[in-house]
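> Following this message is one structure expressed as structure tokens.
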Amino acid sequence: MTTHFSDRISDVPRSFIREILKVAIDPAVISFAGGLPNRDFFPVAALQEATHRVFETAGKEALQYANSEGDIVLREMIAQRYRQKKGLEVKVENILITSGSQQGLDLMGKILLNEGDPVAIEEPGYLGAIQAFSVYRARFHPVPVSEEGMDTEALAKMLKKEKPKLLYVVPNFQNPSGITYPDANRDEVAGVLQGSDTLLIEDDPYGELRFTGKHQRSFAQRLPEQTVMLGSFSKVVAPGLRIGWIVAPDAIMDKLIVAKQATDLHTQYFGQRILRQFFLENDLDTHIATILKVYDRQRLAMLRSMEAYFPKEVKCTRPEGGMFLWMTLPQGLSAMSLFHRAIEEKVAFVPGDPFYTHRKEVNTLRLNFSCVDETGIDTGMARLGAAVKKELL
Ligand code: PMP
């Protein structure tokens, strides 16, 4: 029998990161390749307590089908956090609980994209968004980002010519580069978008992981009618819960709810009740503060060992939060070729290639600092520095 797959799925490559991570499974390999939060800081005992309490007080309810929009109390908690942390007024009706923010990307693709529709995306950009929109056969138009934020000249030119349906951005501690758009750059990006029919998707799973510097205002404060925000508990509580959310204006929310119903009826309700209970019994800020202390130490260890073990021509971003650094090798050096040498040296990272829609054999790479302790970072970076020096010979 021959199975004739849809064009939609046939063209989408398997997750490159999952493929290369198979090589990094050897326990002797120090891996900076994953994009995972540090499991040592998952609030296991507190979630266990919360689970008991849900079973004790609302077991039957928590195990029943629930509404598509998500648990009302959890959505109120999310609205309240926007108010407290960002000074943003978000109505509960404009929040939809999703199965991680990854599902938010899928639902946005589902309601907006026809085959061949233009989508603007950061270059480099989040691999999972490239994958999600590829399923809907988007035509990508990359816009360069750097430590200064988005290249607004390139954005304006592309917007005029291509009229993309959406622009997808991760303006805080971006995956993969760790960069944050400065407030002034956000003003410029918003200025370019204003008056166009391009919807902005602001994906912010790392925003609460700020170690230093000051909070930059959301696009939702600048373009409230044109911005859809994606949020997630994956990086601040635990990704295995698969709970995230979308904030969208009324007309978009209507369509999202239909798409959500067609996809999975609703996000796992039991998990939502556990999380809601967890928030009632624990202070999220205290928990986040613990994570921040550790990640910041690890970030600084990585930057220090960069200076100690790498040739000066190798450049690196200095993120103020999040989980990633972005390294640029000297011109002509391929990150993919370095990857193979690095594996021989027993250290792994993600070559930049999968984060681009229009470039190959790039000289950039992503390093994760959240999962390896300071000693491991020092050893791993010494190995990687040695691999770079060998590639340069
Ligand atoms: N967006 C970005 C930018 C991410 O880095 C991730 C996780 N790697 C996600 C979305 C998806 O996160 P989740 O589905 O766990 O909320």
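Numbering starts fresh at 1 for the residues of each chain in the structure tokens, the chains themselves are lettered A, B, ... in the order given, and ligands are numbered from 1 as they appear.
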Show me which residues are within 8 Å of ligand 1 counting only C-alpha atoms and all ligand atoms, and format the list as an mmCIF file with C-alpha atoms, in the first residue's frame.

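result.cif was written with the following content:
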```cif
data_model
loop_
_atom_site.group_PDB
_atom_site.id
_atom_site.type_symbol
_atom_site.label_atom_id
_atom_site.label_comp_id
_atom_site.auth_asym_id
_atom_site.auth_seq_id
_atom_site.Cartn_x
_atom_site.Cartn_y
_atom_site.Cartn_z
ATOM 1 C CA GLY A 35 16.255 24.492 24.498
ATOM 2 C CA LEU A 36 15.018 23.108 27.773
ATOM 3 C CA SER A 99 -1.598 23.462 24.684
ATOM 4 C CA GLY A 100 1.663 25.415 24.999
ATOM 5 C CA SER A 101 2.353 28.520 22.977
ATOM 6 C CA GLN A 102 3.363 26.195 20.159
ATOM 7 C CA GLN A 103 -0.329 25.478 19.681
ATOM 8 C CA GLY A 104 -0.918 29.213 19.570
ATOM 9 C CA LEU A 105 1.328 29.332 16.506
ATOM 10 C CA TYR A 126 12.312 30.569 16.065
ATOM 11 C CA GLY A 128 9.164 26.031 15.873
ATOM 12 C CA ALA A 129 7.362 28.970 14.241
ATOM 13 C CA VAL A 170 10.049 37.250 19.858
ATOM 14 C CA GLN A 174 14.750 35.849 21.460
ATOM 15 C CA ASN A 175 15.106 32.204 20.567
ATOM 16 C CA PRO A 176 17.668 31.622 19.063
ATOM 17 C CA ASP A 203 5.597 35.581 21.265
ATOM 18 C CA ASP A 204 6.979 36.065 24.769
ATOM 19 C CA PRO A 205 7.854 32.828 26.570
ATOM 20 C CA TYR A 206 11.066 34.268 28.075
ATOM 21 C CA LEU A 230 1.449 34.386 22.933
ATOM 22 C CA GLY A 231 2.398 33.358 26.462
ATOM 23 C CA SER A 232 3.528 30.190 28.188
ATOM 24 C CA PHE A 233 4.137 28.608 31.572
ATOM 25 C CA SER A 234 6.763 26.309 30.062
ATOM 26 C CA LYS A 235 9.798 28.367 31.054
ATOM 27 C CA PRO A 239 6.906 22.594 29.957
ATOM 28 C CA GLY A 240 5.473 19.122 30.520
ATOM 29 C CA ARG A 242 1.791 22.025 28.079
ATOM 30 C CA ILE A 243 -0.078 25.134 29.144
ATOM 31 C CA GLY A 244 0.200 28.424 27.319
#
```
> Excluding same-chain residues fewer than 3 positions from region 192-201 of chain A, what lies within 12 Å of it counting only C-alpha atoms, as a ChimeraX atom specification?
/A:101,104-105,107-109,112-113,117-122,129,150-160,162-171,185-189,204,218-220,222-231,246-249,252
> Go through A:Met302, A:Leu209, A:Ala251, A:Ala66 and flag the residue nearest Asn172 (chain A), using only C-alpha atoms for the distances.
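Closest residue, counting only C-alpha atoms: A:Leu209.
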> Would you mind writing down, as a ChimeraX atom specification, each residue of region 123-363 of chain A that DSSP on the backbone assigns to strand (DSSP E)?
/A:123,139-146,149-150,166-169,199-203,227-232,244-247,315-316,324-328,347-348,350-351
> Write out as a PDB file with C-alpha atoms, in the first residue's frame the set of residues from region 94-203 of chain A that DSSP, computed on the backbone, places in helix (DSSP H, G or I).

```pdb
ATOM      1  CA  ASN A  94      -9.546  37.869  25.065  1.00  0.00           C
ATOM      2  CA  GLY A 100       1.663  25.415  24.999  1.00  0.00           C
ATOM      3  CA  SER A 101       2.353  28.520  22.977  1.00  0.00           C
ATOM      4  CA  GLN A 102       3.363  26.195  20.159  1.00  0.00           C
ATOM      5  CA  GLN A 103      -0.329  25.478  19.681  1.00  0.00           C
ATOM      6  CA  GLY A 104      -0.918  29.213  19.570  1.00  0.00           C
ATOM      7  CA  LEU A 105       1.328  29.332  16.506  1.00  0.00           C
ATOM      8  CA  ASP A 106      -0.533  26.464  14.882  1.00  0.00           C
ATOM      9  CA  LEU A 107      -3.939  28.044  15.548  1.00  0.00           C
ATOM     10  CA  MET A 108      -2.807  31.382  14.154  1.00  0.00           C
ATOM     11  CA  GLY A 109      -1.587  29.606  11.019  1.00  0.00           C
ATOM     12  CA  LYS A 110      -4.868  27.729  10.790  1.00  0.00           C
ATOM     13  CA  ILE A 111      -7.080  30.822  10.922  1.00  0.00           C
ATOM     14  CA  LEU A 112      -4.940  33.095   8.754  1.00  0.00           C
ATOM     15  CA  LEU A 127      12.491  27.181  14.410  1.00  0.00           C
ATOM     16  CA  GLY A 128       9.164  26.031  15.873  1.00  0.00           C
ATOM     17  CA  ALA A 129       7.362  28.970  14.241  1.00  0.00           C
ATOM     18  CA  ILE A 130       8.994  28.223  10.898  1.00  0.00           C
ATOM     19  CA  GLN A 131       7.768  24.642  11.266  1.00  0.00           C
ATOM     20  CA  ALA A 132       4.249  25.603  12.402  1.00  0.00           C
ATOM     21  CA  PHE A 133       3.669  28.086   9.556  1.00  0.00           C
ATOM     22  CA  SER A 134       5.312  25.761   7.006  1.00  0.00           C
ATOM     23  CA  VAL A 135       2.482  23.289   7.568  1.00  0.00           C
ATOM     24  CA  THR A 152      13.129  48.585  10.284  1.00  0.00           C
ATOM     25  CA  GLU A 153      14.342  49.733   6.885  1.00  0.00           C
ATOM     26  CA  ALA A 154      14.277  46.164   5.607  1.00  0.00           C
ATOM     27  CA  LEU A 155      10.897  45.685   7.311  1.00  0.00           C
ATOM     28  CA  ALA A 156       9.369  48.771   5.654  1.00  0.00           C
ATOM     29  CA  LYS A 157      10.644  47.743   2.216  1.00  0.00           C
ATOM     30  CA  MET A 158       9.396  44.191   2.531  1.00  0.00           C
ATOM     31  CA  LEU A 159       6.027  45.249   3.972  1.00  0.00           C
ATOM     32  CA  LYS A 160       5.369  47.559   1.044  1.00  0.00           C
ATOM     33  CA  LYS A 161       6.299  44.954  -1.534  1.00  0.00           C
ATOM     34  CA  GLU A 162       4.927  41.722  -0.043  1.00  0.00           C
ATOM     35  CA  ASP A 183      11.975  50.344  23.320  1.00  0.00           C
ATOM     36  CA  ALA A 184      12.945  52.867  20.620  1.00  0.00           C
ATOM     37  CA  ASN A 185      13.216  50.096  18.027  1.00  0.00           C
ATOM     38  CA  ARG A 186       9.782  48.789  19.073  1.00  0.00           C
ATOM     39  CA  ASP A 187       8.381  52.267  18.470  1.00  0.00           C
ATOM     40  CA  GLU A 188       9.864  52.196  14.970  1.00  0.00           C
ATOM     41  CA  VAL A 189       8.572  48.695  14.185  1.00  0.00           C
ATOM     42  CA  ALA A 190       5.106  49.714  15.395  1.00  0.00           C
ATOM     43  CA  GLY A 191       5.315  52.870  13.288  1.00  0.00           C
ATOM     44  CA  VAL A 192       6.054  50.803  10.179  1.00  0.00           C
ATOM     45  CA  LEU A 193       3.178  48.409  10.889  1.00  0.00           C
TER      46      LEU A 193
END
```
> Which value, in Å to one decimal, gives the distance between CA of Arg273 (chain A) and CA of Ala62 (chain A)?
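Result for CA of Arg273 (chain A) versus CA of Ala62 (chain A): 6.4 Å, one decimal.
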> Set the distance at 7 Å and use only C-alpha atoms: which residues neighbour Lys260 (chain A) once local chain neighbours fewer than 4 positions away are removed? I'd like the list as a JSON list (two decimals) with N, CA and C atoms, in the first residue's frame.

```json
[["chain", "number", "residue", "atom", "x", "y", "z"],
["A", 68, "SER", "N", -13.82, 25.44, 25.85],
["A", 68, "SER", "CA", -12.71, 25.57, 24.90],
["A", 68, "SER", "C", -11.78, 26.72, 25.26],
["A", 107, "LEU", "N", -2.58, 27.49, 15.71],
["A", 107, "LEU", "CA", -3.94, 28.04, 15.55],
["A", 107, "LEU", "C", -3.92, 29.33, 14.74],
["A", 256, "LEU", "N", -10.26, 31.94, 16.55],
["A", 256, "LEU", "CA", -9.35, 31.06, 17.27],
["A", 256, "LEU", "C", -10.11, 29.99, 18.05],
["A", 264, "ASP", "N", -8.72, 20.30, 19.28],
["A", 264, "ASP", "CA", -8.67, 19.39, 20.45],
["A", 264, "ASP", "C", -9.76, 19.68, 21.50],
["A", 265, "LEU", "N", -10.81, 20.35, 21.12],
["A", 265, "LEU", "CA", -11.92, 20.73, 22.02],
["A", 265, "LEU", "C", -11.48, 21.72, 23.10],
["A", 266, "HIS", "N", -10.49, 21.32, 23.89],
["A", 266, "HIS", "CA", -9.92, 22.25, 24.88],
["A", 266, "HIS", "C", -8.59, 21.71, 25.37]]
```
> Looking at A:Phe270, A:Phe42, A:Phe310, A:Trp326, which one is nearest to Glu147 (chain A), with distances taken over only C-alpha atoms?
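Residue with the minimum atom-to-atom distance to Glu147 (chain A): A:Trp326.
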> Quick one: of A:Val350, A:Leu284, A:Leu384, A:Cys371, who's nearest to Ser15 (chain A), counting only C-alpha atoms?
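Closest candidate: A:Val350.
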> Which residues are close to region 22-30 of chain A, i.e. within 6 Å by only C-alpha atoms, leaving aside same-chain residues fewer than 3 positions away? Reply as a VMD selection string.
chain A and resid 19 346 to 347 380
> Mind checking which residues fall within 10 Å of region 329-331 of chain A, counting only C-alpha atoms, ignoring those fewer than 6 positions away in the same chain, and posting them as a PDB file with N, CA, C and O atoms, in the first residue's frame?

```
ATOM      1  N   PRO A 311      39.045  32.405  20.174  1.00  0.00           N
ATOM      2  CA  PRO A 311      39.770  33.458  19.457  1.00  0.00           C
ATOM      3  C   PRO A 311      38.936  34.736  19.441  1.00  0.00           C
ATOM      4  O   PRO A 311      37.706  34.672  19.461  1.00  0.00           O
ATOM      5  N   LYS A 312      39.608  35.872  19.391  1.00  0.00           N
ATOM      6  CA  LYS A 312      38.910  37.168  19.489  1.00  0.00           C
ATOM      7  C   LYS A 312      37.932  37.425  18.343  1.00  0.00           C
ATOM      8  O   LYS A 312      36.978  38.174  18.487  1.00  0.00           O
ATOM      9  N   GLU A 313      38.167  36.785  17.206  1.00  0.00           N
ATOM     10  CA  GLU A 313      37.284  37.019  16.043  1.00  0.00           C
ATOM     11  C   GLU A 313      35.893  36.424  16.262  1.00  0.00           C
ATOM     12  O   GLU A 313      34.958  36.736  15.516  1.00  0.00           O
ATOM     13  N   VAL A 314      35.748  35.561  17.248  1.00  0.00           N
ATOM     14  CA  VAL A 314      34.434  34.963  17.507  1.00  0.00           C
ATOM     15  C   VAL A 314      33.605  35.941  18.350  1.00  0.00           C
ATOM     16  O   VAL A 314      34.072  36.422  19.389  1.00  0.00           O
ATOM     17  N   LYS A 315      32.403  36.255  17.880  1.00  0.00           N
ATOM     18  CA  LYS A 315      31.561  37.230  18.587  1.00  0.00           C
ATOM     19  C   LYS A 315      30.344  36.545  19.199  1.00  0.00           C
ATOM     20  O   LYS A 315      29.916  35.494  18.740  1.00  0.00           O
ATOM     21  N   CYS A 316      29.793  37.194  20.219  1.00  0.00           N
ATOM     22  CA  CYS A 316      28.669  36.581  20.916  1.00  0.00           C
ATOM     23  C   CYS A 316      27.719  37.654  21.425  1.00  0.00           C
ATOM     24  O   CYS A 316      28.163  38.737  21.798  1.00  0.00           O
ATOM     25  N   LEU A 338      31.685  22.874  12.140  1.00  0.00           N
ATOM     26  CA  LEU A 338      32.157  22.948  13.528  1.00  0.00           C
ATOM     27  C   LEU A 338      31.397  21.961  14.410  1.00  0.00           C
ATOM     28  O   LEU A 338      31.961  21.355  15.320  1.00  0.00           O
ATOM     29  N   VAL A 362      25.653  28.549   7.367  1.00  0.00           N
ATOM     30  CA  VAL A 362      25.882  29.827   8.036  1.00  0.00           C
ATOM     31  C   VAL A 362      27.017  29.711   9.058  1.00  0.00           C
ATOM     32  O   VAL A 362      27.433  28.607   9.427  1.00  0.00           O
ATOM     33  N   ASN A 363      27.511  30.874   9.523  1.00  0.00           N
ATOM     34  CA  ASN A 363      28.610  30.884  10.492  1.00  0.00           C
ATOM     35  C   ASN A 363      28.117  31.267  11.894  1.00  0.00           C
ATOM     36  O   ASN A 363      28.859  31.791  12.695  1.00  0.00           O
ATOM     37  N   THR A 364      26.820  31.017  12.141  1.00  0.00           N
ATOM     38  CA  THR A 364      26.262  31.361  13.454  1.00  0.00           C
ATOM     39  C   THR A 364      25.750  30.101  14.158  1.00  0.00           C
ATOM     40  O   THR A 364      25.441  29.102  13.504  1.00  0.00           O
ATOM     41  N   LEU A 365      25.646  30.170  15.475  1.00  0.00           N
ATOM     42  CA  LEU A 365      25.172  29.007  16.232  1.00  0.00           C
ATOM     43  C   LEU A 365      24.529  29.442  17.540  1.00  0.00           C
ATOM     44  O   LEU A 365      24.777  30.536  18.040  1.00  0.00           O
ATOM     45  N   VAL A 388      36.915  25.210  17.732  1.00  0.00           N
ATOM     46  CA  VAL A 388      36.955  26.391  16.846  1.00  0.00           C
ATOM     47  C   VAL A 388      38.389  26.618  16.365  1.00  0.00           C
ATOM     48  O   VAL A 388      38.631  26.843  15.164  1.00  0.00           O
ATOM     49  N   LEU A 392      39.877  26.641  12.498  1.00  0.00           N
ATOM     50  CA  LEU A 392      40.527  27.823  11.911  1.00  0.00           C
ATOM     51  C   LEU A 392      41.893  27.496  11.301  1.00  0.00           C
ATOM     52  O   LEU A 392      42.420  28.265  10.507  1.00  0.00           O
TER      53      LEU A 392
END
```
> Compare A:Met327, A:Ile288, A:Val44, A:Ala301 by their minimum atom-to-atom distance to Val236 (chain A), counting only C-alpha atoms, and give me the closest one.
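Nearest to Val236 (chain A): A:Ile288.
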> What's the separation between CA of Ala335 (chain A) and CA of Glu148 (chain A), in Å to one decimal place?
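Taking CA of Ala335 (chain A) and CA of Glu148 (chain A), their separation equals 23.4 Å.
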> Skip Glu123 (chain A) itself and residues of its chain fewer than 3 positions away, then list as a list in words all residues within 6 Å of it, counting only C-alpha atoms.
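So the residues in contact are Pro142, Val143, Pro144 and Val145 of chain A.
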